[in-house]
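Undergrad: My structure file final-v6.txt, compact mmCIF, C-alpha atoms and all ligand atoms, is below:
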```txt
# COMPACT_ATOMS: atom_id res chain seq x y z
CA MET A 178 -35.94 133.33 -3.93
CA ASN A 179 -38.91 131.00 -3.46
CA LYS A 180 -41.22 133.96 -3.01
CA ASN A 181 -40.08 135.48 -6.26
CA LEU A 182 -40.40 132.21 -8.05
CA ARG A 183 -43.97 131.81 -6.86
CA LYS A 184 -44.75 135.32 -7.96
CA TRP A 185 -43.36 134.73 -11.44
CA LEU A 186 -44.75 131.28 -11.94
CA PRO A 187 -48.27 132.16 -13.09
CA SER A 188 -47.05 134.53 -15.78
CA THR A 189 -44.48 131.97 -16.89
CA ILE A 190 -47.27 129.44 -17.27
CA SER A 191 -49.48 131.76 -19.27
CA LEU A 192 -46.57 132.64 -21.52
CA ALA A 193 -45.87 128.95 -22.03
CA THR A 194 -49.54 128.37 -22.83
CA LEU A 195 -49.42 131.17 -25.36
CA LEU A 196 -46.33 129.73 -27.00
CA VAL A 197 -47.98 126.35 -27.24
CA LEU A 198 -51.33 127.66 -28.41
CA SER A 199 -50.26 130.07 -31.14
CA PRO A 200 -48.94 127.38 -33.52
CA VAL A 201 -52.30 125.65 -33.11
CA ALA A 202 -54.08 128.83 -34.18
CA ALA A 203 -51.75 129.12 -37.16
CA GLU A 204 -52.45 125.50 -37.98
CA GLU A 205 -56.18 126.26 -37.92
CA SER A 206 -55.89 129.14 -40.38
CA ASN A 207 -53.65 126.97 -42.59
CA ARG A 208 -56.37 124.37 -42.68
CA GLU A 209 -58.90 127.03 -43.59
CA GLN A 210 -56.61 128.25 -46.39
CA ALA A 211 -56.11 124.71 -47.64
CA ARG A 212 -59.88 124.25 -47.68
CA VAL A 213 -60.31 127.43 -49.76
CA ASN A 214 -57.55 126.27 -52.11
CA PHE A 215 -59.21 122.88 -52.45
CA GLU A 216 -62.39 124.56 -53.63
CA LYS A 217 -60.47 126.83 -56.02
CA ALA A 218 -58.57 123.89 -57.47
CA ASP A 219 -61.70 121.73 -57.79
CA VAL A 220 -62.61 123.14 -61.21
CA ASN A 221 -65.49 120.74 -61.96
CA LYS A 222 -66.84 121.02 -58.39
CA ASP A 223 -67.19 117.29 -57.78
CA MET A 224 -65.57 117.69 -54.34
CA LYS A 225 -62.51 115.68 -55.32
CA LEU A 226 -59.30 116.48 -57.13
CA ASP A 227 -57.99 114.66 -60.17
CA ARG A 228 -54.26 114.85 -60.96
CA THR A 229 -54.54 118.17 -62.82
CA GLU A 230 -56.65 119.75 -60.09
CA PHE A 231 -54.33 118.32 -57.45
CA LYS A 232 -51.34 120.01 -59.08
CA ALA A 233 -53.22 123.33 -59.01
CA PHE A 234 -54.07 122.71 -55.35
CA ILE A 235 -50.43 122.08 -54.45
CA ASP A 236 -49.30 125.18 -56.35
CA LEU A 237 -51.86 127.34 -54.51
CA ASN A 238 -50.75 125.89 -51.18
CA ALA A 239 -47.09 126.36 -52.09
CA GLN A 240 -47.68 130.04 -52.80
CA LEU A 241 -48.92 130.38 -49.23
CA GLY A 242 -46.21 128.14 -47.80
CA LEU A 243 -48.73 125.61 -46.50
CA GLY A 244 -47.53 122.24 -45.27
CA ARG A 245 -45.21 120.37 -47.56
CA ALA A 246 -46.62 121.94 -50.74
CA SER A 247 -43.47 123.98 -51.45
CA GLN A 248 -41.30 120.89 -51.23
CA ILE A 249 -43.66 118.93 -53.48
CA ARG A 250 -43.57 121.75 -56.04
CA ARG A 251 -39.80 122.21 -55.80
CA PHE A 252 -39.14 118.53 -56.41
CA GLY A 253 -41.98 118.15 -58.91
CA ALA A 254 -43.20 115.34 -56.69
CA TYR A 255 -46.89 115.80 -57.54
CA ASP A 256 -47.44 112.20 -58.65
CA LYS A 257 -45.69 110.83 -55.61
CA ALA A 258 -47.71 113.05 -53.27
CA PHE A 259 -50.92 112.22 -55.13
CA ALA A 260 -50.32 108.49 -54.84
CA LYS A 261 -49.60 108.87 -51.14
CA ILE A 262 -52.72 110.90 -50.41
CA ASP A 263 -55.07 108.87 -52.67
CA ALA A 264 -55.51 106.18 -50.04
CA ASP A 265 -58.17 104.16 -51.89
CA GLY A 266 -56.34 104.51 -55.21
CA ASP A 267 -59.39 105.64 -57.23
CA GLY A 268 -57.41 108.40 -58.97
CA PHE A 269 -59.05 111.20 -57.01
CA VAL A 270 -58.15 112.81 -53.71
CA THR A 271 -60.93 113.92 -51.39
CA LYS A 272 -60.81 116.33 -48.47
CA GLU A 273 -60.99 113.35 -46.15
CA GLU A 274 -57.96 111.74 -47.76
CA ILE A 275 -56.04 115.01 -47.50
CA ALA A 276 -57.02 115.37 -43.85
CA LYS A 277 -55.92 111.81 -43.11
CA ALA A 278 -52.62 112.25 -44.94
CA ARG A 279 -51.87 115.28 -42.77
CA ASN A 280 -52.03 113.28 -39.55
CA CA B 301 -62.68 117.87 -59.26
CA CA B 302 -59.22 108.52 -53.47
```
So that I can check it, write out the structure of this file as structure tokens.
Ligand SMILES: [Ca+2]
Ligand SMILES: [Ca+2]

TA:
Amino acid sequence: MNKNLRKWLPSTISLATLLVLSPVAAEESNREQARVNFEKADVNKDMKLDRTEFKAFIDLNAQLGLGRASQIRRFGAYDKAFAKIDADGDGFVTKEEIAKARN
């Protein structure tokens, strides 16, 4: 029994590692997608999103099922989400503010 357990343990560990690691990899590609969407939505290329650009950003993310974008779109909660992410309240959201809001 113990012998078998010892034999199986390493593969159990690597499987567990895999299960833990794959969501991280998915998270990474989601971040990459969100970055691409940010640039698409940033029509005037000032590296920040106003309310109109932010709505486009959320819609792009929602299409890909990223984060909470689908919920924001479904409930039309763009303004609420914008206010939450716009930490300094200057009426624009930056990549940094989005990154912080995610944590
Ligand atoms: Ca912009
Ligand atoms: Ca801001």

Undergrad: Do you know which residues are at most 8 Å from Val220 (chain A) counting all atoms listed in the file, after dropping those on the same chain fewer than 3 positions away, and could you put them as an NGL selection string?

TA: :A and (216-217 or 230)

Undergrad: Tell me which of A:Ala202, A:Ala239, A:Met224, A:Val213 sits closest to ligand CA 302 (chain B), counting only C-alpha atoms and all ligand atoms.

TA: A:Met224

Undergrad: Collect all residues with atoms no farther than 12 Å from ligand CA 301 (chain B), counting only C-alpha atoms and all ligand atoms, and output them as a PyMOL selection string.

TA: chain A and resi 215-234+268-272

Undergrad: Where's the centre, and what are the edge lengths in Å to one decimal, of a box along x, y and z enclosing all listed atoms of region 260-272 of chain A padded 5 Å per side, as lines of an AutoDock Vina configuration file?

TA:
```
center_x = -55.3
center_y = 110.2
center_z = -53.7
size_x = 21.3
size_y = 22.2
size_z = 20.5
```

Undergrad: Give me the residues within 8 Å of region 248-255 of chain A as a list in words, counting all atoms listed in the file and dropping any in the same chain fewer than 2 places off.

TA: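 Answer for this query is Phe231, Lys232, Ile235, Asp236, Ala239, Arg245, Ala246, Lys257, Ala258 and Phe259 of chain A.
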
Undergrad: Would you please work out which residue, of A:Asp256, A:Lys261, A:Leu237, A:Pro200, is nearest to ligand CA 302 (chain B) when using only C-alpha atoms and all ligand atoms?

TA: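 Ranked by minimum distance to ligand CA 302 (chain B), first place goes to A:Lys261.
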
Undergrad: Counting only C-alpha atoms and all ligand atoms, which residue out of A:Ile262, A:Leu241, A:Ala211, A:Val201 sits closest to ligand CA 302 (chain B)?

TA: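 Counting only C-alpha atoms and all ligand atoms, the residue closest to ligand CA 302 (chain B) is A:Ile262.
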
Undergrad: State, in Å with one decimal place, the distance from CA of Ala264 (chain A) to CA of Ala276 (chain A).

TA: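 Computing the Euclidean distance for CA of Ala264 (chain A) and CA of Ala276 (chain A) yields 11.2 Å.
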
Undergrad: Name the closest residue to ligand CA 302 (chain B) among the candidates A:Glu209, A:Glu273, A:Glu204, A:Asp263; distances are taken between atoms, counting only C-alpha atoms and all ligand atoms.

TA: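 Ranking A:Glu209, A:Glu273, A:Glu204, A:Asp263 by distance to ligand CA 302 (chain B), first place goes to A:Asp263.
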
Undergrad: Provide the CA of Ala260 (chain A) to CA of Leu243 (chain A) distance in Å, to one decimal place.

TA: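 So the two atoms, CA of Ala260 (chain A) and CA of Leu243 (chain A), lie 19.1 Å apart.
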
Undergrad: Would you mind writing region 246-277 of chain A with N, CA and C atoms, as an mmCIF file, keeping the file's coordinate frame?

TA:
```cif
data_model
loop_
_atom_site.group_PDB
_atom_site.id
_atom_site.type_symbol
_atom_site.label_atom_id
_atom_site.label_comp_id
_atom_site.auth_asym_id
_atom_site.auth_seq_id
_atom_site.Cartn_x
_atom_site.Cartn_y
_atom_site.Cartn_z
ATOM 1 N N ALA A 246 -46.324 121.613 -49.341
ATOM 2 C CA ALA A 246 -46.620 121.940 -50.740
ATOM 3 C C ALA A 246 -45.403 122.503 -51.476
ATOM 4 N N SER A 247 -44.645 123.374 -50.801
ATOM 5 C CA SER A 247 -43.470 123.980 -51.450
ATOM 6 C C SER A 247 -42.455 122.934 -51.846
ATOM 7 N N GLN A 248 -42.255 121.962 -50.934
ATOM 8 C CA GLN A 248 -41.300 120.890 -51.230
ATOM 9 C C GLN A 248 -41.799 120.040 -52.402
ATOM 10 N N ILE A 249 -43.089 119.741 -52.392
ATOM 11 C CA ILE A 249 -43.660 118.930 -53.480
ATOM 12 C C ILE A 249 -43.453 119.656 -54.803
ATOM 13 N N ARG A 250 -43.722 120.972 -54.810
ATOM 14 C CA ARG A 250 -43.570 121.750 -56.040
ATOM 15 C C ARG A 250 -42.095 121.802 -56.454
ATOM 16 N N ARG A 251 -41.215 122.067 -55.497
ATOM 17 C CA ARG A 251 -39.800 122.210 -55.800
ATOM 18 C C ARG A 251 -39.245 120.931 -56.435
ATOM 19 N N PHE A 252 -39.678 119.787 -55.906
ATOM 20 C CA PHE A 252 -39.140 118.530 -56.410
ATOM 21 C C PHE A 252 -40.003 117.947 -57.535
ATOM 22 N N GLY A 253 -41.079 118.658 -57.884
ATOM 23 C CA GLY A 253 -41.980 118.150 -58.910
ATOM 24 C C GLY A 253 -42.579 116.809 -58.519
ATOM 25 N N ALA A 254 -42.782 116.636 -57.212
ATOM 26 C CA ALA A 254 -43.200 115.340 -56.690
ATOM 27 C C ALA A 254 -44.728 115.210 -56.618
ATOM 28 N N TYR A 255 -45.420 115.815 -57.572
ATOM 29 C CA TYR A 255 -46.890 115.800 -57.540
ATOM 30 C C TYR A 255 -47.447 114.380 -57.568
ATOM 31 N N ASP A 256 -46.914 113.562 -58.499
ATOM 32 C CA ASP A 256 -47.440 112.200 -58.650
ATOM 33 C C ASP A 256 -47.213 111.381 -57.390
ATOM 34 N N LYS A 257 -46.038 111.568 -56.815
ATOM 35 C CA LYS A 257 -45.690 110.830 -55.610
ATOM 36 C C LYS A 257 -46.626 111.237 -54.456
ATOM 37 N N ALA A 258 -46.839 112.532 -54.324
ATOM 38 C CA ALA A 258 -47.710 113.050 -53.270
ATOM 39 C C ALA A 258 -49.146 112.587 -53.516
ATOM 40 N N PHE A 259 -49.566 112.634 -54.775
ATOM 41 C CA PHE A 259 -50.920 112.220 -55.130
ATOM 42 C C PHE A 259 -51.155 110.760 -54.744
ATOM 43 N N ALA A 260 -50.205 109.925 -55.117
ATOM 44 C CA ALA A 260 -50.320 108.490 -54.840
ATOM 45 C C ALA A 260 -50.391 108.236 -53.333
ATOM 46 N N LYS A 261 -49.645 109.036 -52.589
ATOM 47 C CA LYS A 261 -49.600 108.870 -51.140
ATOM 48 C C LYS A 261 -50.931 109.275 -50.502
ATOM 49 N N ILE A 262 -51.492 110.370 -51.005
ATOM 50 C CA ILE A 262 -52.720 110.900 -50.410
ATOM 51 C C ILE A 262 -53.948 110.094 -50.854
ATOM 52 N N ASP A 263 -53.944 109.629 -52.121
ATOM 53 C CA ASP A 263 -55.070 108.870 -52.670
ATOM 54 C C ASP A 263 -55.093 107.469 -52.054
ATOM 55 N N ALA A 264 -55.602 107.407 -50.827
ATOM 56 C CA ALA A 264 -55.510 106.180 -50.040
ATOM 57 C C ALA A 264 -56.255 105.007 -50.686
ATOM 58 N N ASP A 265 -57.411 105.259 -51.297
ATOM 59 C CA ASP A 265 -58.170 104.160 -51.890
ATOM 60 C C ASP A 265 -57.808 103.925 -53.359
ATOM 61 N N GLY A 266 -56.871 104.747 -53.876
ATOM 62 C CA GLY A 266 -56.340 104.510 -55.210
ATOM 63 C C GLY A 266 -57.348 104.660 -56.350
ATOM 64 N N ASP A 267 -58.389 105.490 -56.169
ATOM 65 C CA ASP A 267 -59.390 105.640 -57.230
ATOM 66 C C ASP A 267 -59.036 106.762 -58.214
ATOM 67 N N GLY A 268 -57.845 107.356 -58.042
ATOM 68 C CA GLY A 268 -57.410 108.400 -58.970
ATOM 69 C C GLY A 268 -57.944 109.784 -58.634
ATOM 70 N N PHE A 269 -58.579 109.905 -57.478
ATOM 71 C CA PHE A 269 -59.050 111.200 -57.010
ATOM 72 C C PHE A 269 -58.675 111.363 -55.544
ATOM 73 N N VAL A 270 -58.350 112.588 -55.142
ATOM 74 C CA VAL A 270 -58.150 112.810 -53.710
ATOM 75 C C VAL A 270 -59.305 113.659 -53.174
ATOM 76 N N THR A 271 -59.841 113.213 -52.055
ATOM 77 C CA THR A 271 -60.930 113.920 -51.390
ATOM 78 C C THR A 271 -60.365 114.720 -50.218
ATOM 79 N N LYS A 272 -61.212 115.577 -49.661
ATOM 80 C CA LYS A 272 -60.810 116.330 -48.470
ATOM 81 C C LYS A 272 -60.454 115.398 -47.328
ATOM 82 N N GLU A 273 -61.216 114.321 -47.213
ATOM 83 C CA GLU A 273 -60.990 113.350 -46.150
ATOM 84 C C GLU A 273 -59.610 112.708 -46.295
ATOM 85 N N GLU A 274 -59.264 112.364 -47.527
ATOM 86 C CA GLU A 274 -57.960 111.740 -47.760
ATOM 87 C C GLU A 274 -56.828 112.720 -47.455
ATOM 88 N N ILE A 275 -57.053 113.983 -47.806
ATOM 89 C CA ILE A 275 -56.040 115.010 -47.500
ATOM 90 C C ILE A 275 -55.899 115.172 -45.997
ATOM 91 N N ALA A 276 -57.038 115.220 -45.309
ATOM 92 C CA ALA A 276 -57.020 115.370 -43.850
ATOM 93 C C ALA A 276 -56.301 114.201 -43.179
ATOM 94 N N LYS A 277 -56.565 113.002 -43.675
ATOM 95 C CA LYS A 277 -55.920 111.810 -43.110
ATOM 96 C C LYS A 277 -54.409 111.824 -43.374
#
```
